[in-house]
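What follows is structure.csv (CSV, C-alpha atoms).
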```csv
chain,number,residue,atom,x,y,z
A,189,MET,CA,-6.6,-8.1,-27.5
A,190,GLU,CA,-9.5,-9.4,-25.3
A,191,ARG,CA,-9.3,-11.9,-22.4
A,192,THR,CA,-10.4,-15.3,-23.5
A,193,ILE,CA,-10.0,-17.7,-20.6
A,194,GLN,CA,-8.8,-18.1,-17.0
A,195,LYS,CA,-6.7,-21.2,-15.9
A,196,ARG,CA,-6.0,-22.6,-12.5
A,197,LEU,CA,-2.7,-24.4,-12.0
A,198,SER,CA,-1.5,-26.5,-9.1
A,199,VAL,CA,1.8,-25.5,-7.6
A,200,GLY,CA,4.0,-26.7,-4.8
A,201,GLY,CA,2.8,-27.4,-1.2
A,202,GLY,CA,-0.8,-27.9,-2.3
A,203,GLY,CA,-1.1,-24.4,-3.5
A,204,TRP,CA,-2.5,-23.0,-6.7
A,205,VAL,CA,-2.2,-19.9,-8.9
A,206,THR,CA,-4.5,-18.6,-11.7
A,207,VAL,CA,-3.6,-17.0,-15.0
A,208,GLU,CA,-5.7,-14.8,-17.3
A,209,VAL,CA,-5.1,-15.4,-21.0
A,210,TYR,CA,-5.7,-12.7,-23.7
A,211,GLY,CA,-5.8,-13.6,-27.3
A,212,GLU,CA,-5.2,-17.2,-28.6
A,213,PRO,CA,-5.1,-19.5,-25.6
A,214,ASP,CA,-2.9,-22.2,-27.2
A,215,ALA,CA,-0.5,-19.9,-29.0
A,216,PRO,CA,3.0,-19.2,-27.5
A,217,GLY,CA,3.3,-15.6,-26.5
A,218,LEU,CA,4.1,-13.2,-23.6
A,219,VAL,CA,3.8,-14.1,-19.9
A,220,VAL,CA,3.3,-11.1,-17.5
A,221,VAL,CA,4.2,-11.2,-13.8
A,222,PRO,CA,2.8,-8.4,-11.7
A,223,GLY,CA,4.5,-7.2,-8.5
A,224,ALA,CA,3.3,-6.3,-5.0
A,225,MET,CA,0.0,-4.5,-4.5
A,226,SER,CA,-1.1,-5.6,-8.0
A,227,ASP,CA,-2.9,-8.5,-9.7
A,228,ALA,CA,-3.9,-9.7,-13.1
A,229,HIS,CA,-6.9,-7.4,-13.1
A,230,GLY,CA,-4.7,-4.4,-12.6
A,231,TRP,CA,-2.8,-5.3,-15.8
A,232,ARG,CA,-5.8,-5.8,-18.0
A,233,HIS,CA,-5.4,-2.6,-19.9
A,234,VAL,CA,-1.7,-3.3,-20.6
A,235,ALA,CA,-2.6,-6.8,-21.8
A,236,ALA,CA,-5.3,-5.5,-24.0
A,237,ALA,CA,-2.8,-3.0,-25.6
A,238,VAL,CA,-0.2,-5.6,-26.4
A,239,ASP,CA,-0.6,-7.3,-29.8
A,240,ALA,CA,3.0,-8.2,-30.8
A,241,TRP,CA,2.4,-11.7,-29.6
A,242,PRO,CA,-0.6,-13.9,-30.4
A,243,SER,CA,-1.3,-14.4,-26.6
A,244,VAL,CA,-0.7,-12.6,-23.4
A,245,THR,CA,-0.9,-14.6,-20.1
A,246,VAL,CA,-1.1,-12.5,-16.9
A,247,VAL,CA,-0.3,-14.2,-13.6
A,248,ASN,CA,-2.3,-13.9,-10.4
A,249,ARG,CA,0.5,-14.7,-8.0
A,250,ARG,CA,-0.2,-16.3,-4.6
A,251,GLY,CA,-2.1,-14.2,-2.1
A,252,ARG,CA,-4.4,-12.7,-4.8
A,253,ALA,CA,-7.9,-14.1,-5.3
A,254,PRO,CA,-8.7,-16.4,-7.0
A,255,SER,CA,-5.1,-17.8,-6.5
A,256,GLY,CA,-4.2,-19.6,-3.2
A,257,PRO,CA,-2.5,-18.2,-0.1
A,258,LEU,CA,1.2,-17.6,0.4
A,259,THR,CA,1.5,-20.4,3.0
A,260,SER,CA,4.0,-20.4,5.9
A,261,ALA,CA,6.8,-21.7,3.7
A,262,TYR,CA,6.6,-18.8,1.3
A,263,SER,CA,9.9,-17.3,-0.1
A,264,LEU,CA,11.2,-15.7,-3.2
A,265,GLN,CA,12.1,-19.1,-4.4
A,266,THR,CA,8.5,-20.1,-4.1
A,267,GLU,CA,7.6,-17.4,-6.6
A,268,VAL,CA,10.3,-18.6,-9.0
A,269,ASP,CA,9.1,-22.2,-8.7
A,270,ASP,CA,5.5,-21.1,-9.3
A,271,LEU,CA,6.5,-19.2,-12.4
A,272,GLY,CA,8.3,-22.3,-13.6
A,273,VAL,CA,5.0,-24.3,-13.4
A,274,ILE,CA,3.3,-21.5,-15.4
A,275,LEU,CA,6.0,-21.5,-18.1
A,276,ASP,CA,5.7,-25.3,-18.3
A,277,GLU,CA,2.0,-24.9,-18.9
A,278,CYS,CA,2.5,-22.1,-21.4
A,279,LYS,CA,4.7,-24.2,-23.7
A,280,GLY,CA,6.8,-22.2,-26.2
A,281,THR,CA,6.6,-18.9,-24.3
A,282,GLN,CA,8.4,-16.4,-26.4
A,283,ALA,CA,8.9,-13.6,-23.8
A,284,LEU,CA,8.5,-12.9,-20.1
A,285,PHE,CA,7.6,-9.5,-18.6
A,286,GLY,CA,7.8,-8.6,-15.0
A,287,TRP,CA,7.0,-5.4,-13.0
A,288,SER,CA,8.7,-4.4,-9.7
A,289,TYR,CA,8.9,-7.5,-7.5
A,290,GLY,CA,7.5,-9.5,-10.5
A,291,GLY,CA,10.4,-8.2,-12.5
A,292,LEU,CA,12.9,-9.7,-10.1
A,293,ILE,CA,11.0,-13.0,-10.2
A,294,ALA,CA,11.1,-13.0,-14.0
A,295,LEU,CA,14.8,-12.3,-14.1
A,296,LEU,CA,15.6,-15.0,-11.5
A,297,ALA,CA,13.4,-17.5,-13.4
A,298,THR,CA,15.7,-17.1,-16.5
A,299,ASN,CA,18.8,-17.9,-14.5
A,300,ASP,CA,18.1,-21.6,-15.0
A,301,ARG,CA,15.5,-21.7,-17.7
A,302,PRO,CA,16.4,-20.7,-21.3
A,303,LEU,CA,14.1,-18.1,-22.8
A,304,ARG,CA,14.2,-15.9,-25.9
A,305,GLN,CA,13.5,-12.6,-24.1
A,306,VAL,CA,12.8,-11.3,-20.6
A,307,ILE,CA,11.6,-7.7,-20.0
A,308,ALA,CA,11.5,-6.1,-16.5
A,309,TYR,CA,10.0,-2.8,-15.6
A,310,GLU,CA,11.8,-1.3,-12.5
A,311,PRO,CA,12.6,-4.6,-10.9
A,312,VAL,CA,13.5,-4.3,-7.2
A,313,MET,CA,15.9,-6.3,-5.1
A,314,ARG,CA,17.4,-6.4,-1.6
A,315,PRO,CA,17.7,-4.0,0.1
A,316,PHE,CA,14.3,-2.5,-0.8
A,317,GLY,CA,11.8,-1.2,1.7
A,318,ARG,CA,13.5,-3.0,4.6
A,319,HIS,CA,13.0,0.0,6.9
A,320,VAL,CA,9.2,-0.4,7.0
A,321,LEU,CA,9.1,-4.2,7.8
A,322,PRO,CA,8.6,-3.7,11.6
A,323,ASP,CA,5.6,-1.3,11.0
A,324,LEU,CA,4.1,-3.7,8.3
A,325,ARG,CA,4.3,-6.5,10.8
A,326,ALA,CA,2.5,-4.5,13.4
A,327,ALA,CA,-0.2,-3.6,10.9
A,328,GLU,CA,-0.5,-7.2,9.9
A,329,GLU,CA,-0.8,-8.4,13.5
A,330,ALA,CA,-3.5,-5.8,14.1
A,331,ALA,CA,-5.3,-6.8,10.8
A,332,ASP,CA,-5.1,-3.2,9.8
A,333,ARG,CA,-5.2,-3.1,6.0
A,334,GLU,CA,-5.7,0.7,6.1
A,335,ALA,CA,-2.3,1.1,7.8
A,336,THR,CA,-0.6,-1.3,5.4
A,337,VAL,CA,-1.8,0.6,2.4
A,338,GLU,CA,-0.7,3.9,4.0
A,339,ILE,CA,2.8,2.5,4.8
A,340,VAL,CA,3.4,1.1,1.3
A,341,SER,CA,2.0,4.2,-0.4
A,342,ARG,CA,3.8,6.8,1.7
A,343,ARG,CA,7.0,5.2,3.0
A,344,ILE,CA,7.9,3.0,0.0
A,345,ALA,CA,6.2,4.5,-3.0
A,346,GLY,CA,6.7,8.0,-1.7
A,347,LEU,CA,3.2,9.4,-2.4
A,348,ASP,CA,2.4,12.6,-0.7
A,349,THR,CA,-0.8,13.3,1.3
A,350,ALA,CA,-2.7,14.7,-1.7
A,351,GLN,CA,-1.9,11.6,-3.8
A,352,VAL,CA,-2.9,9.2,-1.0
A,353,GLU,CA,-6.2,11.1,-0.4
A,354,ALA,CA,-6.9,11.0,-4.1
A,355,LEU,CA,-6.7,7.2,-3.9
A,356,ARG,CA,-8.8,7.1,-0.8
A,357,ALA,CA,-11.5,9.2,-2.5
A,358,ASP,CA,-12.2,6.4,-4.9
A,359,PRO,CA,-13.9,3.7,-2.8
A,360,GLN,CA,-13.5,1.0,-5.3
A,361,GLU,CA,-9.8,1.7,-5.9
A,362,TRP,CA,-9.1,2.0,-2.1
A,363,ALA,CA,-10.9,-1.3,-1.4
A,364,ALA,CA,-8.8,-3.0,-4.1
A,365,LEU,CA,-5.6,-1.7,-2.5
A,366,ARG,CA,-6.8,-3.0,0.9
A,367,ASP,CA,-7.4,-6.4,-0.6
A,368,LEU,CA,-4.0,-6.4,-2.4
A,369,SER,CA,-2.1,-5.3,0.7
A,370,GLY,CA,-2.6,-8.7,2.4
A,371,PRO,CA,0.7,-10.3,1.2
A,372,ALA,CA,2.7,-7.0,1.4
A,373,ARG,CA,4.7,-7.7,4.5
A,374,ALA,CA,5.5,-11.4,3.7
A,375,GLU,CA,6.6,-10.4,0.1
A,376,LEU,CA,8.8,-7.6,1.3
A,377,ALA,CA,10.3,-9.9,4.0
A,378,ALA,CA,11.0,-12.6,1.4
A,379,LEU,CA,12.6,-10.1,-0.9
A,380,ASN,CA,14.9,-8.9,1.8
A,381,SER,CA,15.7,-12.4,3.1
A,382,ALA,CA,17.0,-13.7,-0.2
A,383,PRO,CA,20.8,-13.2,-0.7
A,384,PRO,CA,21.4,-10.8,-3.6
A,385,PRO,CA,22.3,-12.8,-6.7
A,386,ASP,CA,25.6,-12.2,-8.4
A,387,GLU,CA,23.8,-12.3,-11.8
A,388,VAL,CA,20.3,-12.6,-13.1
A,389,ALA,CA,18.8,-13.7,-16.4
A,390,ARG,CA,21.8,-15.8,-17.3
A,391,ARG,CA,19.9,-17.9,-19.8
A,392,ALA,CA,17.8,-15.3,-21.4
A,393,ALA,CA,18.9,-14.6,-25.0
A,394,ARG,CA,17.8,-11.0,-24.7
A,395,VAL,CA,17.2,-8.8,-21.6
A,396,ASP,CA,15.4,-5.5,-21.7
A,397,LEU,CA,15.1,-3.3,-18.6
A,398,ILE,CA,12.6,-0.4,-18.5
A,399,ILE,CA,12.6,2.5,-16.1
A,400,GLY,CA,10.1,5.4,-15.8
A,401,GLN,CA,11.8,8.7,-16.5
A,402,CYS,CA,10.6,10.1,-13.2
A,403,ASN,CA,12.5,7.5,-11.3
A,404,GLN,CA,15.9,7.7,-13.0
A,405,GLY,CA,18.6,8.1,-10.4
A,406,THR,CA,16.2,8.5,-7.5
A,407,ALA,CA,15.4,6.2,-4.5
A,408,PRO,CA,13.9,3.8,-4.0
A,409,TYR,CA,13.0,2.6,-7.5
A,410,GLY,CA,15.8,4.1,-9.4
A,411,ALA,CA,18.4,3.0,-6.9
A,412,SER,CA,17.1,-0.6,-6.9
A,413,PHE,CA,16.9,-0.5,-10.7
A,414,ASP,CA,20.6,0.4,-10.8
A,415,ASP,CA,21.4,-2.5,-8.5
A,416,VAL,CA,19.6,-4.9,-10.8
A,417,ARG,CA,21.2,-3.4,-13.9
A,418,ARG,CA,24.7,-4.1,-12.6
A,419,ARG,CA,23.8,-7.8,-12.4
A,420,VAL,CA,22.7,-7.9,-16.1
A,421,THR,CA,25.7,-6.5,-17.9
A,422,ARG,CA,24.2,-7.2,-21.4
A,423,ALA,CA,20.8,-5.7,-20.8
A,424,GLU,CA,19.4,-3.0,-23.0
A,425,VAL,CA,17.9,-0.1,-21.0
A,426,HIS,CA,14.8,1.8,-22.1
A,427,VAL,CA,13.2,4.9,-20.5
A,428,LEU,CA,9.4,5.5,-20.5
A,429,PRO,CA,9.1,9.2,-20.8
A,430,GLY,CA,7.0,11.1,-18.2
A,431,GLN,CA,6.2,8.0,-16.1
A,432,GLY,CA,7.1,6.6,-12.7
A,433,HIS,CA,6.5,3.2,-11.1
A,434,LEU,CA,2.8,3.0,-11.8
A,435,ALA,CA,2.8,3.3,-15.6
A,436,HIS,CA,0.5,0.2,-15.9
A,437,VAL,CA,-2.2,2.3,-14.1
A,438,GLN,CA,-1.4,5.8,-15.4
A,439,ALA,CA,-0.3,5.1,-19.0
A,440,PRO,CA,-1.2,1.4,-19.8
A,441,GLU,CA,-1.5,2.0,-23.6
A,442,GLU,CA,1.8,3.8,-23.7
A,443,LEU,CA,3.5,1.0,-21.8
A,444,GLY,CA,1.8,-1.5,-24.1
A,445,ARG,CA,3.2,0.3,-27.1
A,446,LEU,CA,6.7,0.2,-25.6
A,447,ILE,CA,6.4,-3.6,-24.9
A,448,ASN,CA,5.2,-4.1,-28.5
A,449,GLY,CA,8.2,-2.2,-29.8
A,450,LEU,CA,10.6,-4.3,-27.9
A,451,ALA,CA,9.0,-7.4,-29.5
A,452,ALA,CA,9.4,-5.8,-32.9
A,453,ASP,CA,13.1,-5.2,-32.2
A,454,ARG,CA,13.9,-8.9,-31.9
```
Written form, structure tokens:
Amino acid sequence: MERTIQKRLSVGGGGWVTVEVYGEPDAPGLVVVPGAMSDAHGWRHVAAAVDAWPSVTVVNRRGRAPSGPLTSAYSLQTEVDDLGVILDECKGTQALFGWSYGGLIALLATNDRPLRQVIAYEPVMRPFGRHVLPDLRAAEEAADREATVEIVSRRIAGLDTAQVEALRADPQEWAALRDLSGPARAELAALNSAPPPDEVARRAARVDLIIGQCNQGTAPYGASFDDVRRRVTRAEVHVLPGQGHLAHVQAPEELGRLINGLAADR
């Protein structure tokens, strides 16, 4: 499926977000919500691999060009409200998919909004990454994007020196990570400021949770996944073999096939 259009939508507080649409622009389909250190461009290969719906709409959340800034009033609820605006625009949305922080946003959005299906890949929730917030603030105050990427990559994602250096060796990839790191501290602070919900996805008819095989039962992603899972007692759990948190980068076609299969299972 190829990208057909990009839309800009007005959201609260004078802000705006953009979405990239693949397939038939006016046909109800799947809405994708990326997480931290990611944007719509980073999900283009997954979107191209998904064909179980006539359209795939990928969100550029606040803080990612060409969407607007986070603003001083930013919170987790801001993200949920923004997604509500997008779902109102994408009338008849059949399914919602979220990755990581985007997974939590998607699950929370279906607490109050009825939806046929919500899918979340390794959603995270409080407490997650709280231990690095002081260092992220220091890096932000120093306008040191290099340090921010290092902190997120090593102390949250758990990448070793060789893996980080491999990222740094690709100038285009490293520059993209630097750009995407701008909202990292504010997003992590918002995630850890919001009280843990008793339940998520209350009004979703079907809930599918996906975890990469490499993260099962391990911190931080597997532990946070288990916290979320306990709050969706009726969710079906699926394991993506041989993958970790970055399946959309390392195995986008495989992830796309899994998402297609979940649609076929309805």
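Comparing the minimum interatomic distances between Pro384 of chain A and each of A:Ala335, A:Val340, A:Asp396, A:Pro315, counting all atoms listed in the file, we find that A:Pro315 sits nearest.
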- Message: Under the rule that only C-alpha atoms are counted, which of A:Met225, A:Val320, A:Ala423, A:Val219 is the nearest residue to Lys279 of chain A?
- Response: A:Val219
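The list of residues with at least one atom within 8 Å of Ala294 of chain A, based on only C-alpha atoms and without residues fewer than 6 positions apart in the same chain, reads Val221, Val268, Leu271, Leu284, Phe285, Gly286, Val306 and Ala308 of chain A.
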- Item | Residue contacts of Glu361 of chain A (12 Å, all atoms listed in the file) excluding same-chain residues fewer than 2 positions away, as a PyMOL selection string | chain A and resi 225-226+229-230+337+352-359+363-368+437
- Of the residues A:Glu329, A:Pro429, A:Glu208, A:Val416, which is the one nearest to Asp386 of chain A, using all atoms listed in the file? A:Val416
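Pairwise distance (atom CA of Thr206 of chain A, atom CA of Ile193 of chain A) equals 10.5 Å.
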- Task: In the coordinates of the file, take the point (13.7, -7.3, -8.3) and a cut-off of 9 Å; then, counting all atoms listed in the file, name each qualifying protein, DNA or RNA residue as a PyMOL selection string.
- Result: chain A and resi 287-296+308+310-314+316+379+412-413+416
